[in-house]
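Next comes data.txt, a file with compact mmCIF, C-alpha atoms and all ligand atoms.
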```
# COMPACT_ATOMS: atom_id res chain seq x y z
CA MET A 285 -17.78 -92.42 -14.93
CA SER A 286 -17.76 -92.55 -11.13
CA HIS A 287 -21.05 -90.75 -10.26
CA ARG A 288 -19.75 -89.79 -6.82
CA ILE A 289 -22.48 -88.17 -4.72
CA VAL A 290 -21.18 -84.83 -3.52
CA SER A 291 -24.26 -83.39 -1.84
CA VAL A 292 -27.84 -84.11 -0.87
CA SER A 293 -30.49 -81.40 -0.85
CA VAL A 294 -33.93 -81.80 0.69
CA ARG A 295 -36.86 -79.40 0.51
CA ASP A 296 -40.26 -79.15 2.19
CA VAL A 297 -42.79 -78.89 -0.64
CA ARG A 298 -46.48 -78.58 0.20
CA PHE A 299 -49.67 -78.19 -1.81
CA PRO A 300 -52.77 -76.71 -0.14
CA THR A 301 -55.06 -79.57 -1.20
CA SER A 302 -57.05 -79.33 2.04
CA LEU A 303 -58.63 -76.09 0.81
CA GLU A 304 -60.81 -78.09 -1.56
CA GLN A 305 -60.89 -81.29 0.47
CA HIS A 306 -58.89 -83.24 -2.11
CA GLY A 307 -57.40 -86.28 -0.42
CA SER A 308 -59.75 -86.13 2.59
CA ASP A 309 -60.74 -89.28 4.43
CA ALA A 310 -62.21 -90.36 7.76
CA MET A 311 -58.93 -89.81 9.62
CA HIS A 312 -57.18 -87.14 7.54
CA THR A 313 -59.80 -84.44 7.25
CA ASP A 314 -57.48 -81.60 6.17
CA PRO A 315 -54.63 -83.16 4.17
CA ASP A 316 -52.15 -80.91 2.44
CA TYR A 317 -50.37 -83.24 0.03
CA SER A 318 -46.65 -82.71 0.60
CA ALA A 319 -43.25 -84.13 -0.15
CA ALA A 320 -39.81 -84.17 1.35
CA TYR A 321 -38.11 -83.68 -2.00
CA VAL A 322 -34.55 -84.96 -2.31
CA VAL A 323 -31.93 -84.30 -4.97
CA LEU A 324 -28.61 -86.18 -5.05
CA HIS A 325 -25.90 -84.20 -6.81
CA THR A 326 -22.95 -86.09 -8.32
CA ALA A 327 -19.47 -84.88 -9.17
CA CYS A 328 -20.13 -85.43 -12.88
CA GLY A 329 -23.31 -83.34 -12.84
CA LEU A 330 -25.85 -86.20 -13.08
CA ARG A 331 -28.63 -85.83 -10.51
CA GLY A 332 -30.98 -88.28 -8.82
CA PHE A 333 -34.45 -87.14 -7.74
CA GLY A 334 -36.47 -88.76 -4.98
CA LEU A 335 -39.29 -87.93 -2.64
CA THR A 336 -41.40 -89.26 0.14
CA PHE A 337 -45.06 -88.38 0.47
CA THR A 338 -46.25 -86.78 3.71
CA LEU A 339 -48.99 -84.44 4.90
CA GLY A 340 -48.42 -80.76 5.76
CA LYS A 341 -46.61 -80.11 9.01
CA GLY A 342 -45.28 -83.66 9.22
CA THR A 343 -42.97 -82.80 6.32
CA GLU A 344 -40.76 -80.70 8.62
CA ILE A 345 -39.80 -83.77 10.61
CA VAL A 346 -39.15 -85.95 7.58
CA VAL A 347 -36.89 -83.25 6.13
CA LEU A 348 -34.81 -83.31 9.33
CA ALA A 349 -34.59 -87.10 9.16
CA VAL A 350 -33.36 -86.94 5.55
CA GLU A 351 -30.73 -84.42 6.63
CA ALA A 352 -29.63 -86.81 9.36
CA LEU A 353 -29.23 -89.63 6.80
CA ALA A 354 -27.39 -87.48 4.28
CA ASP A 355 -23.98 -88.05 5.93
CA LEU A 356 -24.30 -91.76 5.10
CA VAL A 357 -24.73 -90.95 1.41
CA VAL A 358 -22.38 -88.07 0.65
CA GLY A 359 -18.99 -89.25 -0.64
CA LYS A 360 -20.30 -92.60 -1.91
CA SER A 361 -20.21 -93.42 -5.60
CA LEU A 362 -23.27 -94.86 -7.33
CA GLN A 363 -21.16 -97.83 -8.45
CA ASP A 364 -20.15 -98.65 -4.86
CA ILE A 365 -23.74 -98.36 -3.69
CA VAL A 366 -25.20 -100.65 -6.33
CA LYS A 367 -22.33 -103.15 -6.07
CA ASP A 368 -23.67 -103.88 -2.58
CA PHE A 369 -27.11 -102.27 -2.56
CA ARG A 370 -28.30 -104.65 0.15
CA GLY A 371 -25.43 -103.46 2.31
CA PHE A 372 -26.23 -99.82 1.56
CA TYR A 373 -29.89 -100.41 2.44
CA ARG A 374 -28.73 -101.82 5.77
CA LEU A 375 -26.35 -98.95 6.31
CA LEU A 376 -29.32 -96.58 6.18
CA THR A 377 -31.80 -98.73 8.07
CA SER A 378 -29.43 -100.12 10.69
CA ASP A 379 -27.35 -97.10 11.67
CA GLY A 380 -26.47 -97.65 15.32
CA GLN A 381 -27.87 -94.33 16.52
CA MET A 382 -30.73 -93.72 14.11
CA ARG A 383 -32.29 -97.18 13.99
CA TRP A 384 -33.65 -96.45 17.46
CA LEU A 385 -36.15 -94.15 15.72
CA GLY A 386 -37.58 -97.12 13.80
CA PRO A 387 -36.27 -99.63 13.13
CA GLU A 388 -37.56 -99.65 9.56
CA LYS A 389 -40.74 -97.76 10.35
CA GLY A 390 -42.09 -94.29 10.98
CA VAL A 391 -40.36 -91.06 10.03
CA ILE A 392 -36.94 -92.62 9.60
CA GLN A 393 -38.32 -95.15 7.13
CA LEU A 394 -40.08 -92.39 5.13
CA ALA A 395 -36.76 -90.52 5.02
CA THR A 396 -34.93 -93.69 3.97
CA ALA A 397 -37.45 -94.11 1.14
CA ALA A 398 -36.90 -90.53 -0.06
CA VAL A 399 -33.12 -90.99 -0.19
CA LEU A 400 -33.23 -94.45 -1.77
CA ASN A 401 -35.86 -93.37 -4.30
CA ALA A 402 -33.33 -90.74 -5.41
CA VAL A 403 -30.57 -93.39 -5.60
CA TRP A 404 -32.81 -95.59 -7.78
CA ASP A 405 -33.57 -92.61 -9.98
CA LEU A 406 -29.86 -91.90 -10.35
CA TRP A 407 -29.14 -95.55 -11.12
CA ALA A 408 -31.95 -95.71 -13.68
CA ARG A 409 -30.63 -92.62 -15.42
CA ALA A 410 -27.10 -94.07 -15.44
CA GLU A 411 -27.59 -97.71 -16.60
CA GLY A 412 -29.83 -100.86 -16.96
CA LYS A 413 -30.16 -103.87 -14.65
CA ASP A 414 -30.54 -107.69 -14.72
CA PRO A 415 -32.37 -110.15 -12.39
CA GLU A 416 -29.25 -110.98 -10.31
CA GLN A 417 -28.65 -107.30 -9.70
CA ILE A 418 -32.29 -106.82 -8.75
CA VAL A 419 -32.22 -109.64 -6.20
CA SER A 420 -28.96 -108.35 -4.75
CA CYS A 421 -30.81 -105.15 -3.74
CA VAL A 422 -33.21 -106.96 -1.40
CA ASP A 423 -32.47 -107.35 2.29
CA PHE A 424 -33.74 -110.86 3.07
CA ARG A 425 -33.02 -110.47 6.79
CA TYR A 426 -36.16 -111.43 8.76
CA ILE A 427 -38.01 -112.97 5.74
CA THR A 428 -35.96 -116.06 4.81
CA ASP A 429 -38.54 -118.22 6.59
CA VAL A 430 -40.92 -117.42 3.71
CA LEU A 431 -38.65 -116.37 0.82
CA THR A 432 -35.02 -117.19 0.03
CA GLU A 433 -32.71 -115.43 -2.39
CA LYS A 434 -32.70 -118.46 -4.69
CA GLU A 435 -36.52 -118.57 -4.81
CA ALA A 436 -36.60 -114.85 -5.61
CA LEU A 437 -34.22 -115.29 -8.53
CA ASP A 438 -36.26 -118.22 -9.89
CA ILE A 439 -39.39 -116.04 -9.82
CA LEU A 440 -37.68 -113.16 -11.63
CA VAL A 441 -36.21 -115.19 -14.48
CA GLY A 442 -39.55 -117.03 -14.92
CA ALA A 443 -41.83 -114.14 -15.92
CA GLN A 444 -41.14 -111.74 -18.78
CA GLU A 445 -44.28 -110.10 -20.20
CA GLU A 446 -43.56 -106.75 -21.72
CA ASP A 447 -45.55 -106.44 -24.96
CA ARG A 448 -49.03 -106.29 -23.45
CA MET A 449 -48.02 -103.42 -21.18
CA MET A 450 -46.51 -101.45 -24.03
CA LYS A 451 -49.74 -101.79 -26.00
CA GLU A 452 -52.47 -101.62 -23.35
CA GLY A 453 -50.83 -100.27 -20.22
CA TYR A 454 -51.61 -101.34 -16.65
CA PRO A 455 -55.26 -101.18 -15.42
CA ALA A 456 -56.02 -98.42 -12.95
CA TYR A 457 -58.83 -97.40 -10.61
CA THR A 458 -59.69 -93.89 -9.50
CA THR A 459 -60.04 -92.47 -6.01
CA SER A 460 -60.48 -88.91 -7.22
CA CYS A 461 -64.27 -89.00 -7.49
CA ALA A 462 -65.12 -89.66 -3.87
CA TRP A 463 -62.95 -88.05 -1.21
CA LEU A 464 -64.82 -87.81 2.07
CA GLY A 465 -65.17 -84.03 2.01
CA TYR A 466 -66.78 -83.87 -1.44
CA SER A 467 -70.47 -82.94 -1.79
CA ASP A 468 -73.07 -85.27 -3.34
CA GLN A 469 -73.19 -83.11 -6.41
CA GLN A 470 -69.40 -83.33 -6.82
CA LEU A 471 -69.46 -87.13 -6.37
CA LYS A 472 -72.13 -87.56 -9.01
CA GLN A 473 -70.51 -85.19 -11.48
CA LEU A 474 -67.01 -86.64 -11.03
CA CYS A 475 -68.25 -90.24 -11.39
CA THR A 476 -70.23 -89.32 -14.50
CA ASP A 477 -67.19 -87.60 -16.05
CA ALA A 478 -64.93 -90.50 -15.11
CA LEU A 479 -67.26 -93.04 -16.71
CA LYS A 480 -67.13 -91.02 -19.92
CA SER A 481 -63.31 -91.14 -19.82
CA GLY A 482 -63.32 -94.93 -19.56
CA TRP A 483 -62.99 -95.49 -15.80
CA THR A 484 -64.69 -98.65 -14.54
CA LYS A 485 -63.27 -98.98 -11.02
CA PHE A 486 -63.95 -96.47 -8.26
CA LYS A 487 -62.90 -96.09 -4.62
CA VAL A 488 -65.00 -94.21 -2.10
CA LYS A 489 -63.98 -92.97 1.35
CA VAL A 490 -66.08 -94.19 4.26
CA GLY A 491 -65.88 -94.51 8.02
CA ALA A 492 -66.97 -91.25 9.63
CA ASN A 493 -70.76 -91.71 9.69
CA LEU A 494 -72.66 -94.85 8.72
CA ASP A 495 -75.79 -93.10 7.42
CA ASP A 496 -73.65 -90.84 5.24
CA ASP A 497 -71.71 -93.84 3.96
CA ILE A 498 -74.89 -95.66 3.00
CA HIS A 499 -76.11 -92.55 1.23
CA ARG A 500 -72.81 -91.96 -0.63
CA CYS A 501 -72.31 -95.61 -1.59
CA ARG A 502 -75.88 -95.77 -2.89
CA LEU A 503 -75.37 -92.61 -4.93
CA ILE A 504 -72.13 -93.91 -6.42
CA ARG A 505 -73.45 -97.39 -7.11
CA GLN A 506 -76.47 -95.87 -8.87
CA THR A 507 -74.18 -93.65 -10.93
CA ILE A 508 -71.60 -96.26 -11.91
CA GLY A 509 -74.09 -99.12 -12.35
CA PRO A 510 -74.06 -102.70 -11.06
CA ASN A 511 -71.20 -104.02 -13.20
CA ASN A 512 -68.45 -101.54 -12.46
CA THR A 513 -66.15 -102.09 -9.49
CA LEU A 514 -66.49 -100.27 -6.18
CA MET A 515 -63.97 -100.28 -3.32
CA ILE A 516 -64.34 -98.64 0.09
CA ASP A 517 -61.58 -97.16 2.27
CA ALA A 518 -61.92 -96.37 6.00
CA ASN A 519 -58.34 -95.21 6.65
CA GLN A 520 -58.07 -97.08 9.99
CA ARG A 521 -61.17 -95.59 11.55
CA TRP A 522 -62.72 -98.60 13.32
CA ASP A 523 -62.17 -101.20 16.00
CA VAL A 524 -62.32 -104.78 14.75
CA ALA A 525 -65.94 -105.60 15.66
CA GLU A 526 -67.09 -102.17 14.50
CA ALA A 527 -65.39 -102.74 11.15
CA ILE A 528 -67.19 -106.02 10.64
CA SER A 529 -70.64 -104.64 11.44
CA TRP A 530 -70.11 -101.35 9.52
CA VAL A 531 -68.91 -103.10 6.37
CA THR A 532 -71.70 -105.66 6.66
CA SER A 533 -74.12 -102.70 6.55
CA LEU A 534 -72.45 -101.54 3.32
CA SER A 535 -72.31 -104.98 1.74
CA GLU A 536 -75.46 -104.37 -0.35
CA PHE A 537 -73.32 -102.02 -2.47
CA LYS A 538 -71.01 -104.92 -3.34
CA PRO A 539 -67.59 -103.46 -2.56
CA LEU A 540 -64.66 -105.55 -3.79
CA TRP A 541 -62.62 -104.60 -0.74
CA ILE A 542 -62.60 -102.70 2.49
CA GLU A 543 -59.31 -100.87 2.80
CA GLU A 544 -57.58 -100.13 6.11
CA PRO A 545 -60.56 -101.07 8.29
CA THR A 546 -58.59 -100.80 11.54
CA SER A 547 -55.13 -100.03 12.96
CA PRO A 548 -52.52 -100.74 10.27
CA ASP A 549 -50.47 -102.64 12.87
CA ASP A 550 -53.24 -105.05 13.90
CA ILE A 551 -52.46 -108.12 11.83
CA LEU A 552 -54.71 -110.47 13.76
CA GLY A 553 -57.49 -107.88 13.72
CA HIS A 554 -57.26 -107.76 9.92
CA ALA A 555 -57.32 -111.57 9.87
CA ALA A 556 -60.51 -111.59 11.92
CA ILE A 557 -62.11 -109.00 9.64
CA SER A 558 -61.03 -110.95 6.54
CA LYS A 559 -62.58 -114.13 7.92
CA ALA A 560 -65.84 -112.42 8.86
CA LEU A 561 -66.25 -110.63 5.52
CA ALA A 562 -65.20 -113.48 3.23
CA PRO A 563 -68.75 -114.96 3.08
CA LEU A 564 -69.98 -111.55 1.85
CA GLY A 565 -67.45 -111.60 -0.98
CA ILE A 566 -65.57 -108.59 0.44
CA GLY A 567 -61.78 -108.73 0.77
CA VAL A 568 -59.48 -106.72 3.03
CA ALA A 569 -56.88 -104.43 1.46
CA THR A 570 -54.10 -102.72 3.35
CA GLY A 571 -50.52 -101.50 3.08
CA GLU A 572 -50.33 -97.74 2.64
CA GLN A 573 -49.24 -97.50 6.27
CA CYS A 574 -47.48 -100.86 6.42
CA ALA A 575 -43.91 -99.77 7.03
CA ASN A 576 -41.83 -102.83 6.28
CA ARG A 577 -41.48 -106.29 4.75
CA VAL A 578 -41.78 -108.01 8.12
CA MET A 579 -45.27 -106.65 8.67
CA PHE A 580 -46.28 -107.68 5.16
CA LYS A 581 -44.79 -111.12 5.77
CA GLN A 582 -47.04 -111.59 8.77
CA PHE A 583 -50.13 -110.17 7.04
CA LEU A 584 -49.56 -112.78 4.34
CA GLN A 585 -48.81 -115.61 6.75
CA ALA A 586 -51.96 -114.82 8.73
CA SER A 587 -54.22 -114.53 5.62
CA ALA A 588 -55.03 -111.09 6.99
CA LEU A 589 -55.28 -109.35 3.62
CA GLN A 590 -56.57 -110.26 0.18
CA PHE A 591 -55.03 -107.27 -1.62
CA VAL A 592 -51.47 -106.07 -0.99
CA GLN A 593 -51.19 -102.30 -1.22
CA ILE A 594 -47.50 -101.54 -1.50
CA ASP A 595 -46.46 -97.91 -1.20
CA SER A 596 -43.38 -96.49 -2.91
CA CYS A 597 -42.53 -94.23 0.03
CA ARG A 598 -43.83 -96.05 3.10
CA LEU A 599 -41.58 -99.07 2.48
CA GLY A 600 -37.81 -98.64 2.13
CA SER A 601 -37.92 -97.70 -1.56
CA VAL A 602 -37.64 -100.15 -4.46
CA ASN A 603 -35.41 -102.46 -2.41
CA GLU A 604 -38.07 -103.31 0.14
CA ASN A 605 -40.95 -103.14 -2.33
CA LEU A 606 -39.21 -105.90 -4.29
CA ALA A 607 -39.21 -108.09 -1.20
CA VAL A 608 -42.94 -107.55 -0.77
CA LEU A 609 -43.79 -108.10 -4.45
CA LEU A 610 -41.91 -111.40 -4.35
CA MET A 611 -43.57 -112.55 -1.12
CA ALA A 612 -47.03 -111.58 -2.45
CA HIS A 613 -46.30 -113.66 -5.53
CA LYS A 614 -45.32 -116.62 -3.39
CA PHE A 615 -48.54 -116.34 -1.37
CA GLN A 616 -50.53 -115.72 -4.58
CA VAL A 617 -52.09 -112.53 -3.24
CA PRO A 618 -52.68 -109.77 -5.82
CA VAL A 619 -50.81 -106.47 -5.52
CA CYS A 620 -52.83 -103.25 -5.97
CA PRO A 621 -50.52 -100.37 -5.05
CA HIS A 622 -51.47 -97.30 -3.07
CA ALA A 623 -51.00 -94.03 -4.93
CA GLY A 624 -53.15 -91.42 -3.15
CA GLY A 625 -50.66 -88.59 -2.60
CA VAL A 626 -48.31 -86.34 -4.50
CA GLY A 627 -45.82 -88.19 -6.71
CA LEU A 628 -47.00 -91.65 -5.68
CA CYS A 629 -48.61 -92.43 -9.04
CA GLU A 630 -45.38 -91.39 -10.76
CA LEU A 631 -43.31 -93.70 -8.56
CA VAL A 632 -45.56 -96.68 -8.13
CA GLN A 633 -46.25 -97.15 -11.85
CA HIS A 634 -42.68 -98.47 -12.14
CA LEU A 635 -43.24 -101.00 -9.35
CA ILE A 636 -46.48 -102.37 -10.71
CA LEU A 637 -45.14 -102.63 -14.25
CA PHE A 638 -42.15 -104.48 -12.84
CA ASP A 639 -44.52 -106.76 -10.95
CA TYR A 640 -46.41 -107.64 -14.12
CA ILE A 641 -43.41 -107.95 -16.43
CA CYS A 642 -40.93 -109.67 -14.11
CA VAL A 643 -42.86 -111.29 -11.25
CA SER A 644 -46.55 -112.12 -11.60
CA ALA A 645 -47.42 -111.88 -15.33
CA SER A 646 -51.01 -111.67 -14.11
CA LEU A 647 -53.72 -109.02 -14.08
CA SER A 648 -56.20 -111.13 -12.17
CA ASN A 649 -57.80 -108.98 -9.45
CA ARG A 650 -55.01 -106.42 -9.96
CA MET A 651 -55.16 -102.70 -10.55
CA CYS A 652 -53.16 -99.68 -9.56
CA GLU A 653 -54.65 -96.67 -7.80
CA TYR A 654 -54.77 -93.34 -9.62
CA VAL A 655 -55.56 -89.92 -8.19
CA ASP A 656 -55.94 -87.00 -10.49
CA HIS A 657 -53.98 -84.38 -8.56
CA LEU A 658 -50.70 -82.48 -8.89
CA HIS A 659 -49.21 -84.35 -11.87
CA GLU A 660 -48.57 -81.05 -13.60
CA HIS A 661 -45.71 -80.41 -11.16
CA PHE A 662 -43.58 -83.28 -12.50
CA THR A 663 -41.21 -83.25 -15.46
CA SER A 664 -42.41 -86.73 -16.58
CA PRO A 665 -45.97 -87.05 -15.31
CA VAL A 666 -47.85 -90.33 -15.55
CA VAL A 667 -49.69 -90.98 -18.79
CA ILE A 668 -53.19 -92.43 -18.38
CA GLN A 669 -55.05 -93.73 -21.40
CA ASN A 670 -58.49 -95.27 -21.12
CA ALA A 671 -57.99 -95.85 -17.37
CA HIS A 672 -54.61 -97.55 -17.84
CA TYR A 673 -51.11 -96.44 -16.85
CA MET A 674 -49.00 -96.32 -20.01
CA PRO A 675 -45.35 -97.33 -19.46
CA PRO A 676 -43.14 -94.29 -18.78
CA LYS A 677 -40.66 -93.49 -21.54
CA ASP A 678 -38.19 -91.16 -19.86
CA PRO A 679 -35.24 -92.63 -17.97
CA GLY A 680 -35.41 -92.50 -14.17
CA TYR A 681 -38.00 -92.98 -11.44
CA SER A 682 -40.32 -90.18 -12.70
CA CYS A 683 -40.28 -88.04 -9.55
CA GLU A 684 -38.30 -85.04 -10.72
CA MET A 685 -40.40 -81.96 -10.06
CA LEU A 686 -40.44 -78.77 -12.08
CA GLU A 687 -38.10 -76.37 -10.31
CA SER A 688 -40.68 -73.58 -10.70
CA SER A 689 -43.28 -75.73 -8.90
CA VAL A 690 -40.87 -76.55 -6.10
CA GLN A 691 -40.04 -72.91 -5.57
CA ARG A 692 -43.67 -71.85 -5.61
CA HIS A 693 -44.74 -74.51 -3.14
CA GLN A 694 -41.76 -74.66 -0.83
CA TYR A 695 -42.91 -74.16 2.73
CA PRO A 696 -43.10 -71.49 4.11
CA GLU A 697 -41.25 -69.23 1.68
CA GLY A 698 -42.96 -70.20 -1.63
CA ASP A 699 -45.42 -67.71 -3.14
CA THR A 700 -48.35 -70.11 -2.70
CA TRP A 701 -47.85 -70.16 1.06
CA LYS A 702 -46.93 -66.49 1.41
CA LEU A 703 -50.21 -65.60 -0.28
CA LEU A 704 -52.24 -67.95 1.91
CA MET A 705 -50.62 -66.71 5.10
CA ASN A 706 -51.30 -63.08 4.25
CA LYS A 707 -54.99 -63.68 3.57
C1 LIG A 801 -54.72 -88.76 3.06
C2 LIG A 801 -54.72 -89.52 1.78
O1 LIG A 801 -55.39 -88.80 0.78
C3 LIG A 801 -55.39 -90.90 1.92
O2 LIG A 801 -56.78 -90.73 2.12
C4 LIG A 801 -55.11 -91.70 0.69
C5 LIG A 801 -55.68 -93.06 0.72
O3 LIG A 801 -56.06 -93.63 1.70
C6 LIG A 801 -55.76 -93.79 -0.56
O4 LIG A 801 -55.47 -93.21 -1.61
O5 LIG A 801 -56.09 -94.95 -0.51
MG MG A 802 -56.27 -95.76 1.36
```
Go through the file and emit its structure as structure tokens.
Ligand SMILES: C[C@H](O)[C@@H](O)CC(=O)C(=O)O
Ligand SMILES: [Mg+2]
Amino acid sequence: MSHRIVSVSVRDVRFPTSLEQHGSDAMHTDPDYSAAYVVLHTACGLRGFGLTFTLGKGTEIVVLAVEALADLVVGKSLQDIVKDFRGFYRLLTSDGQMRWLGPEKGVIQLATAAVLNAVWDLWARAEGKDPEQIVSCVDFRYITDVLTEKEALDILVGAQEEDRMMKEGYPAYTTSCAWLGYSDQQLKQLCTDALKSGWTKFKVKVGANLDDDIHRCRLIRQTIGPNNTLMIDANQRWDVAEAISWVTSLSEFKPLWIEEPTSPDDILGHAAISKALAPLGIGVATGEQCANRVMFKQFLQASALQFVQIDSCRLGSVNENLAVLLMAHKFQVPVCPHAGGVGLCELVQHLILFDYICVSASLSNRMCEYVDHLHEHFTSPVVIQNAHYMPPKDPGYSCEMLESSVQRHQYPEGDTWKLLMNK
């Protein structure tokens, strides 16, 4: 069957999470978790579902960017795309007029991810894949100085570790107990409940006020005890020196990592922070706003991060995430994906399972983020058991949304928004 793509639809879907401060951090104080939600329609009726995660009003712009890319997709058959997926990736990321908006970063990269996530979903629903096919999806342009195609293939055929995942699942940590806007009482209650459900690793938002951070970290450490894992996340709030002194003041709470301490583009700044915090046993994690493989390459080359936080929508879909997983493996830096957002847990579970089964075969210092929001809007939501992601069973990339949810949350015409606007 040809699976020719005959149309691309994209919708602006928003959830009013800011009303209860879900998702809040030191820089995003009123986040409405949102998605530019893409459906590829094929001549034979098969559909591919994809999305990119955004916040509120920003979704409008990503939707326009997806519409601008749609012309490059309509008329192509899935078989032609996957026969030269690297070429198709370049077609989208190197279009002579649109690459000026990036290249391979910002809104155009988020839109590329939404479209390619839908292509991967379509491909997954249509057929299986082997290591050669996987490697042929990666654009090695700009990274051959650290990773060649041959090395990538050797890595992929080397590791095959499926059974453990099927039985135990992939270890996860939770961010849902400690968003910045939550009260002390909420933090305590949520951590207590999470402990009862088997969670042992917790991330807390910091960065707005040092006294508050000390208070919150103390409260959480007391609640979760000395042996469970704590991570802190500043969402790019500080300058480099400020980051070092602020995190030093929080070091008594023994965080495993400080996430996004400064500008996501400041590779040497992250390297300086990593060096200063290493004696305290605190690593630097970053990646949720790291837009492409070239940035990750340099972060790795500069020893500027100790935890790679790939993002299924920030990078150019599976294609570019593969490049980063393979480079992280080569540099022996653990991958702990970012998943704070709508649909990110659903997407990223595939990437981290792939990393374990086909690339790293290691769980050392590795875990995948989980946030407990909005899963009910997906047709195949993630399954968490005892703080582990259980491998998804349905074919596809797990980001098809319930049509009723999409209609209710479409902005501005969905009932959810009509009601809020008339209040
Ligand atoms: C705005 C998002 O909720 C962000 O705070 C998520 C994040 O940094 C994380 O999950 O990590
Ligand atoms: Mg973060």
Can you tell me, as number ranges by chain, what residues are no more than 8 Å from A:Ile542 when counting all atoms listed in the file, ignoring any on the same chain fewer than 5 positions away?
A: 515-518, 531, 566-569
Taking all atoms listed in the file into account, list the residues no farther than 10 Å from ligand MG 802 (chain A), as a PyMOL selection string.
chain A and resi 307+309+459+487-489+516-520+542-545+569-573+593+621-625+653
Which residue is closest to ligand LIG 801 (chain A)? Choose from A:Gln582, A:Thr458, A:Asn401, A:Gln473 and count all atoms listed in the file.
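Closest residue, counting all atoms listed in the file: A:Thr458.
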If we count all atoms listed in the file and set the cut-off at 12 Å, which residues sit around A:His499, ignoring sequence neighbours fewer than 3 positions away in its own chain? Please answer as number ranges by chain.
A: 467-468, 471, 488, 490, 493-496, 502-506, 533-534, 536-537
Non-local contacts of A:Asp405 (10 Å; only C-alpha atoms; under 6 positions in same chain excluded) as a JSON list (two decimals) with C-alpha atoms, in the coordinates of the input:
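Final output, part_32.json:
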```
[["chain", "number", "residue", "atom", "x", "y", "z"],
["A", 323, "VAL", "CA", -31.93, -84.30, -4.97],
["A", 324, "LEU", "CA", -28.61, -86.18, -5.05],
["A", 331, "ARG", "CA", -28.63, -85.83, -10.51],
["A", 332, "GLY", "CA", -30.98, -88.28, -8.82],
["A", 333, "PHE", "CA", -34.45, -87.14, -7.74],
["A", 334, "GLY", "CA", -36.47, -88.76, -4.98],
["A", 399, "VAL", "CA", -33.12, -90.99, -0.19],
["A", 631, "LEU", "CA", -43.31, -93.70, -8.56],
["A", 679, "PRO", "CA", -35.24, -92.63, -17.97],
["A", 680, "GLY", "CA", -35.41, -92.50, -14.17],
["A", 681, "TYR", "CA", -38.00, -92.98, -11.44],
["A", 682, "SER", "CA", -40.32, -90.18, -12.70],
["A", 683, "CYS", "CA", -40.28, -88.04, -9.55],
["A", 684, "GLU", "CA", -38.30, -85.04, -10.72]]
```
Taking only C-alpha atoms into account, name the residue in A:Met311, A:Ile392, A:Ile636, A:Cys629 that is nearest to A:Thr546.
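Counting only C-alpha atoms, the residue closest to A:Thr546 is A:Met311.
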Using all atoms listed in the file, which residue out of A:Val524, A:Ala436, A:Ala352, A:Ala478 lies closest to A:Val608?
A:Ala436
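Distances from A:Ser558, A:Ser302, A:Thr484, A:Gln417 to ligand LIG 801 (chain A) were compared using only C-alpha atoms and all ligand atoms, and the smallest one belongs to A:Ser302.
Minimum atom-to-atom distances from A:Leu464, A:Val358, A:Cys328, A:Cys597 to ligand LIG 801 (chain A) were compared using all atoms listed in the file, and the lowest value belongs to A:Leu464.
When atom CA of A:Asn706 is paired with atom CA of A:Thr313, their separation reads 23.2 Å.
Checking A:Tyr466, A:Trp522, A:Trp407, A:Trp541 one by one against A:Gly553, counting all atoms listed in the file, you find the shortest gap at A:Trp522.
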Provide stretch 585-594 of chain A rebuilt to N, CA and C atoms, formatted as a compact mmCIF listing (two decimals), in the frame of the given file.
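Saved as out18.txt:
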```
# COMPACT_ATOMS: atom_id res chain seq x y z
N GLN A 585 -48.78 -114.32 6.03
CA GLN A 585 -48.81 -115.61 6.75
C GLN A 585 -50.14 -115.82 7.47
N ALA A 586 -50.73 -114.71 7.94
CA ALA A 586 -51.96 -114.82 8.73
C ALA A 586 -53.22 -114.74 7.87
N SER A 587 -53.07 -114.73 6.53
CA SER A 587 -54.22 -114.53 5.62
C SER A 587 -55.05 -113.33 6.07
N ALA A 588 -54.36 -112.26 6.42
CA ALA A 588 -55.03 -111.09 6.99
C ALA A 588 -55.37 -110.05 5.93
N LEU A 589 -54.90 -110.26 4.70
CA LEU A 589 -55.28 -109.35 3.62
C LEU A 589 -55.48 -110.15 2.33
N GLN A 590 -56.33 -109.62 1.48
CA GLN A 590 -56.57 -110.26 0.18
C GLN A 590 -56.06 -109.39 -0.97
N PHE A 591 -55.62 -108.17 -0.63
CA PHE A 591 -55.03 -107.27 -1.62
C PHE A 591 -53.85 -106.56 -0.96
N VAL A 592 -52.68 -106.68 -1.56
CA VAL A 592 -51.47 -106.07 -0.99
C VAL A 592 -51.30 -104.68 -1.59
N GLN A 593 -51.30 -103.68 -0.72
CA GLN A 593 -51.19 -102.30 -1.22
C GLN A 593 -49.81 -101.73 -0.90
N ILE A 594 -48.85 -102.09 -1.71
CA ILE A 594 -47.50 -101.54 -1.50
C ILE A 594 -47.54 -100.02 -1.69
```
